[in-house]
Amino acid sequence: MLITHRKRLLSLYRIAAKYRLDTHFSDVPEFAPIAQLIRLHPASIGKSHQPLGIKLAFEEMGTLFLKLGQLLSTRSDLLPPQIIEQLSLLQDKVAPFDSATAIAIIEDGKTGLGQPIDTLFARFDQKPLAAASVAQVHTAALHDGREVVVKVVRPQIRDGIIADFELLRQLAAWACARIEAARAVRLSDIVEDYRQIMLNELDLTLEAANSTKMRQNFTGSKLIYVPEVYHATKQVMVSERIFGIPISQTEVFDKLGYDRAVLAEKGLTIFFTQVFRDNFFHADMHPGNIFVETLPNGEAVSQPRYIGLDCAIMGELSKDDQLTVARMLLSVMNGNYSTLVDIISHAGWIPPSADKHALIRDMGRAVSPMVLKPIDEIDFAGVLFEILTIARRHRMSIPPQLMLLLKTLVHVEGLGRELYPELDIWSLAKPILTAWVKDQLDPVKNLQDIKNQLPEILLSSTDLPKLLNQSIQSMASLGASQDATLRQLQAMRADTLNERRHDWICAAGFVLMMGMAWWSALAIHLYVAPLFFVLAFGFVLWRILK
């Protein structure tokens with residue numbers, strides 16, 4: 001019941017009124033009652049529309065809402081651009097928690113590494129290197145001289161996030177029961193998806209496993225380096241310290257003599273390699289997580305690599321979705337919107353009621369002028385956002401993993417263009433995608449895959465007799481069950497016919513007796529009439545008891 005969260009609800013209500021959130025969705029009819037309720041709160045008195053109200057409100061609401069806002073900023077298929085723009089401004093930087101608390105968590109046997117800080121590290125820097133909404137990072141050195149960073153999850157954050165998600169679940173269920181727009185975007189499913197993502201971020205063993213897998217995928221690579229993880233528990237992770245420059249500091253690259261065009265192309269190559277070769281891509285590629293390699297003293301290296309950090313949110317696609325995404329991107333690049341809609345339809349993302357011809361027409365009208373621009377003027381992110389806007393209008397259902405991919409692609413293009421404004425993502429991506437699609441559809445390769453799987457297929461064939469026997473038994477059981485069901489249906493039909501026959505007997509008897517009673521009264525046989533009345537209601541009583 002929402003009443004169990006009344007204190008938290010009142011706090012959220014006050015914040016919503018303080019920042020006049022009602023003014024940001026006043027044009028949505030379904031939210032009119034909520035907007036009116038916000039306007040009635042005393043905190044809204046004297047305040048008008050605030051351009052950054054959504055961003056500021058989410059920050060004040062706390063960790064969960066801040067992270068939820070960041071995640072919602074990737075759902076351009078669900079929210080209008082003006083709201084996405086605000087949510088994209090949300091920042092992770094928050095005040096650090098006490099270093100003594102961080103040390104206690106590290107030393108604790110249940111939450112951390114279970115040893116004194118001096119035993120674990122030759123040096124531990126109590127001043128945090130960085131602090132975010134979920135964790136903070138300290139620099140340290142191991143006894144063998146290796147420089148490391150120690151990531152520590154904020155204390156007692158999990159219980160608050162779980163409690164807030166229980167509230168969000170109930171609010172989503174309430175909205176879905178009453179508001180068509182909430183049902184259309186599957187609000188309850190969105191809350192569940194983000195709940196799992198948030199809980200995964202609180203478990204550093206999952207981040208450590210992701211980092212290790214990504215490191216293995218790029219072992220010996222000249223494109224990217226992933227730091228090694230040395231130790232990890234749910235709340236503490238110790239990993240190799242790296243030295244580099246955040247991807248946003250382009251002026252430093254010029255001073256070091258780094259070729260920004262080469263770096264931009266490397267970044268795109270890394271992205272497409274992760275998506276199509278490894279099917280395991282970094283889905284949180286904002287500037288704070290992407291660095292370019294330097295020496296420890298900040299000097300240049302001859303062949304700088306990217307450095308991948310914070311692998312808490314990773315994306316994976318099914319083989320079918322991989323092929324769908326590649327063919328979609330190629331269709332957009334070729335301006336073939338009929339094929340694009342056919343691909344989307346085949347993937348099952350269009351509801352049965354959707355008008356395909358209208359969807360093709362909308363895609364062509366909105367996207368064609370953007371694609372026909374000169375290559376250095378094309379805003380790839382703008383094209384994707386326009387497609388998602390059309391998708392939202394036609395009630396398309398887009399898988400969350402695909403949205404992670406599109407969000408990452410937009411980040412990658414933005415970072416690439418910031419490095420090198422003339423970056424041609426289209427001409428770089430097209431041959432990669434074309435070659436990959438041809439490879440996936442190559443019959444020789446598919447036969448080779450079957451040949452490689454042949455030993456496993458032959459081994460599994462030894463189970464065929466047992467599976468065949470189980471299937472026969474299942475069919476026999478199903479047949480017996482169907483026979484029993486048929487007999488039950490026949491019995492129910494006989495009972496129904498008997499009930500109908502009884503209804504007719506009761507109705508006929510009641511009408512006949514009432515008629516006789518009426519005739520007796522008219523014939524002045526008054527002493528007989530009551531008897532017929534009793535017999536009439538006797539038929540009714542008999543039917544009830546029957």
# chains A, B, ... in the order shown; residues from 1 in each chain; ligands from 1
$ select_by_dssp --residues "stretch 197-309 of chain A" --states "alpha helix (DSSP H)" --output "JSON, numbers by chain"
{"A": [197, 198, 199, 200, 201, 202, 204, 205, 206, 207, 208, 209, 210, 211, 212, 213, 214, 215, 216, 217, 250, 251, 252, 253, 254, 255, 256, 260, 261, 262, 263, 264, 265, 266, 267, 268, 269, 270, 271, 272]}
$ write_last_selection --atoms "N, CA, C and O atoms" --output "compact mmCIF listing (two decimals), in the first residue's frame"
# COMPACT_ATOMS: atom_id res chain seq x y z
N ILE A 197 19.35 -3.07 -12.81
CA ILE A 197 20.58 -2.36 -13.17
C ILE A 197 21.19 -1.68 -11.95
O ILE A 197 22.40 -1.75 -11.71
N MET A 198 20.35 -1.04 -11.13
CA MET A 198 20.84 -0.36 -9.94
C MET A 198 21.44 -1.34 -8.94
O MET A 198 22.50 -1.10 -8.36
N LEU A 199 20.75 -2.46 -8.70
CA LEU A 199 21.27 -3.44 -7.75
C LEU A 199 22.57 -4.05 -8.26
O LEU A 199 23.47 -4.36 -7.47
N ASN A 200 22.69 -4.22 -9.57
CA ASN A 200 23.95 -4.73 -10.13
C ASN A 200 25.09 -3.75 -9.88
O ASN A 200 26.23 -4.16 -9.63
N GLU A 201 24.81 -2.45 -9.97
CA GLU A 201 25.85 -1.45 -9.72
C GLU A 201 26.34 -1.48 -8.28
O GLU A 201 27.47 -1.09 -8.00
N LEU A 202 25.50 -1.94 -7.36
CA LEU A 202 25.89 -2.00 -5.95
C LEU A 202 26.75 -3.22 -5.64
O LEU A 202 27.33 -3.31 -4.57
N LEU A 204 29.98 -4.98 -6.55
CA LEU A 204 31.22 -4.76 -7.28
C LEU A 204 31.82 -6.06 -7.82
O LEU A 204 32.70 -6.01 -8.68
N THR A 205 31.36 -7.22 -7.33
CA THR A 205 31.85 -8.48 -7.92
C THR A 205 31.37 -8.61 -9.37
O THR A 205 32.06 -9.19 -10.21
N LEU A 206 30.16 -8.08 -9.66
CA LEU A 206 29.66 -8.11 -11.04
C LEU A 206 30.47 -7.18 -11.92
O LEU A 206 30.81 -7.52 -13.06
N GLU A 207 30.78 -5.99 -11.40
CA GLU A 207 31.62 -5.07 -12.18
C GLU A 207 33.00 -5.66 -12.42
O GLU A 207 33.56 -5.54 -13.52
N ALA A 208 33.53 -6.34 -11.40
CA ALA A 208 34.85 -6.98 -11.56
C ALA A 208 34.81 -8.05 -12.64
O ALA A 208 35.73 -8.17 -13.46
N ALA A 209 33.73 -8.85 -12.66
CA ALA A 209 33.60 -9.91 -13.68
C ALA A 209 33.49 -9.30 -15.07
O ALA A 209 34.10 -9.79 -16.03
N ASN A 210 32.72 -8.19 -15.20
CA ASN A 210 32.60 -7.51 -16.49
C ASN A 210 33.95 -6.97 -16.96
O ASN A 210 34.31 -7.08 -18.14
N SER A 211 34.69 -6.37 -16.02
CA SER A 211 36.00 -5.80 -16.37
C SER A 211 36.95 -6.89 -16.83
O SER A 211 37.70 -6.72 -17.81
N THR A 212 36.93 -8.02 -16.13
CA THR A 212 37.82 -9.13 -16.48
C THR A 212 37.48 -9.68 -17.87
O THR A 212 38.37 -9.96 -18.68
N LYS A 213 36.19 -9.82 -18.17
CA LYS A 213 35.77 -10.33 -19.47
C LYS A 213 36.17 -9.37 -20.58
O LYS A 213 36.70 -9.79 -21.63
N MET A 214 35.94 -8.09 -20.37
CA MET A 214 36.30 -7.10 -21.39
C MET A 214 37.81 -7.04 -21.57
O MET A 214 38.32 -6.89 -22.69
N ARG A 215 38.56 -7.19 -20.48
CA ARG A 215 40.02 -7.21 -20.56
C ARG A 215 40.49 -8.39 -21.40
O ARG A 215 41.38 -8.26 -22.25
N GLN A 216 39.86 -9.56 -21.20
CA GLN A 216 40.23 -10.75 -21.97
C GLN A 216 39.90 -10.57 -23.45
O GLN A 216 40.65 -11.03 -24.32
N ASN A 217 38.78 -9.89 -23.73
CA ASN A 217 38.39 -9.68 -25.13
C ASN A 217 39.41 -8.83 -25.89
O ASN A 217 39.53 -8.93 -27.11
N THR A 250 40.39 17.71 -25.08
CA THR A 250 40.99 17.66 -26.42
C THR A 250 42.21 18.58 -26.57
O THR A 250 43.13 18.29 -27.34
N GLU A 251 42.21 19.68 -25.80
CA GLU A 251 43.34 20.60 -25.93
C GLU A 251 44.64 19.96 -25.44
O GLU A 251 45.74 20.27 -25.94
N VAL A 252 44.53 19.03 -24.47
CA VAL A 252 45.72 18.33 -23.98
C VAL A 252 46.27 17.39 -25.05
O VAL A 252 47.48 17.24 -25.19
N PHE A 253 45.38 16.78 -25.81
CA PHE A 253 45.83 15.89 -26.89
C PHE A 253 46.67 16.67 -27.90
O PHE A 253 47.68 16.16 -28.40
N ASP A 254 46.26 17.90 -28.19
CA ASP A 254 47.02 18.71 -29.15
C ASP A 254 48.42 19.02 -28.61
O ASP A 254 49.41 18.99 -29.35
N LYS A 255 48.50 19.30 -27.30
CA LYS A 255 49.80 19.59 -26.70
C LYS A 255 50.71 18.37 -26.73
O LYS A 255 51.93 18.49 -26.88
N LEU A 256 50.11 17.18 -26.56
CA LEU A 256 50.91 15.95 -26.55
C LEU A 256 51.22 15.46 -27.96
O LEU A 256 52.01 14.53 -28.13
N ARG A 260 44.11 13.41 -33.37
CA ARG A 260 42.72 13.27 -32.92
C ARG A 260 41.86 12.50 -33.91
O ARG A 260 40.91 11.81 -33.53
N ALA A 261 42.15 12.62 -35.20
CA ALA A 261 41.39 11.86 -36.20
C ALA A 261 41.60 10.36 -36.00
O ALA A 261 40.65 9.56 -36.08
N VAL A 262 42.84 9.97 -35.72
CA VAL A 262 43.14 8.55 -35.48
C VAL A 262 42.44 8.07 -34.23
O VAL A 262 41.86 6.96 -34.18
N LEU A 263 42.46 8.89 -33.17
CA LEU A 263 41.79 8.52 -31.92
C LEU A 263 40.29 8.34 -32.13
O LEU A 263 39.68 7.40 -31.61
N ALA A 264 39.69 9.24 -32.92
CA ALA A 264 38.25 9.14 -33.17
C ALA A 264 37.91 7.85 -33.92
O ALA A 264 36.94 7.16 -33.59
N GLU A 265 38.71 7.51 -34.92
CA GLU A 265 38.46 6.28 -35.67
C GLU A 265 38.69 5.05 -34.80
O GLU A 265 37.95 4.05 -34.91
N LYS A 266 39.69 5.10 -33.92
CA LYS A 266 39.91 3.99 -32.99
C LYS A 266 38.70 3.78 -32.09
O LYS A 266 38.29 2.65 -31.82
N GLY A 267 38.12 4.89 -31.62
CA GLY A 267 36.97 4.79 -30.74
C GLY A 267 35.79 4.10 -31.41
O GLY A 267 35.13 3.23 -30.81
N LEU A 268 35.52 4.47 -32.67
CA LEU A 268 34.43 3.83 -33.40
C LEU A 268 34.73 2.36 -33.68
O LEU A 268 33.84 1.50 -33.58
N THR A 269 35.96 2.06 -34.00
CA THR A 269 36.34 0.67 -34.25
C THR A 269 36.16 -0.18 -32.99
O THR A 269 35.68 -1.32 -33.06
N ILE A 270 36.51 0.38 -31.84
CA ILE A 270 36.32 -0.33 -30.56
C ILE A 270 34.85 -0.63 -30.34
O ILE A 270 34.46 -1.74 -29.96
N PHE A 271 34.01 0.37 -30.59
CA PHE A 271 32.58 0.19 -30.37
C PHE A 271 32.01 -0.93 -31.24
O PHE A 271 31.35 -1.84 -30.75
N PHE A 272 32.30 -0.87 -32.55
CA PHE A 272 31.74 -1.88 -33.44
C PHE A 272 32.34 -3.25 -33.16
O PHE A 272 31.68 -4.28 -33.35
$ residues_around --residues "A:Leu330" --least-positions-apart "4" --cutoff "10 Å" --atoms "only C-alpha atoms" --output "list in words"
Thr324, Val325, Ala326, Asn334, Gly335, Asn336, Thr339, Leu340, Trp426, Ala429, Lys430, Pro431, Leu433, Thr434 and Val437 of chain A
$ atom_distance --atom1 "atom CA of A:Lys127" --atom2 "atom CA of A:Thr139"
8.4 Å
$ closest_residue --among "A:Ser397, A:Gln274, A:Ser99, A:Thr119" --to "A:Ile344" --atoms "only C-alpha atoms"
A:Ser397
$ closest_residue --among "A:Leu428, A:Leu309, A:Ile38, A:Val236" --to "A:Leu12" --atoms "only C-alpha atoms"
A:Ile38
$ atom_distance --atom1 "atom CA of A:Ser48" --atom2 "atom CA of A:Ala175"
26.0 Å
$ select_by_dssp --residues "stretch 48-276 of chain A" --states "strand (DSSP E)" --output "ChimeraX atom specification"
/A:123-124,130-131,135-141,147-153,224-225,229-232,236-240,244-246
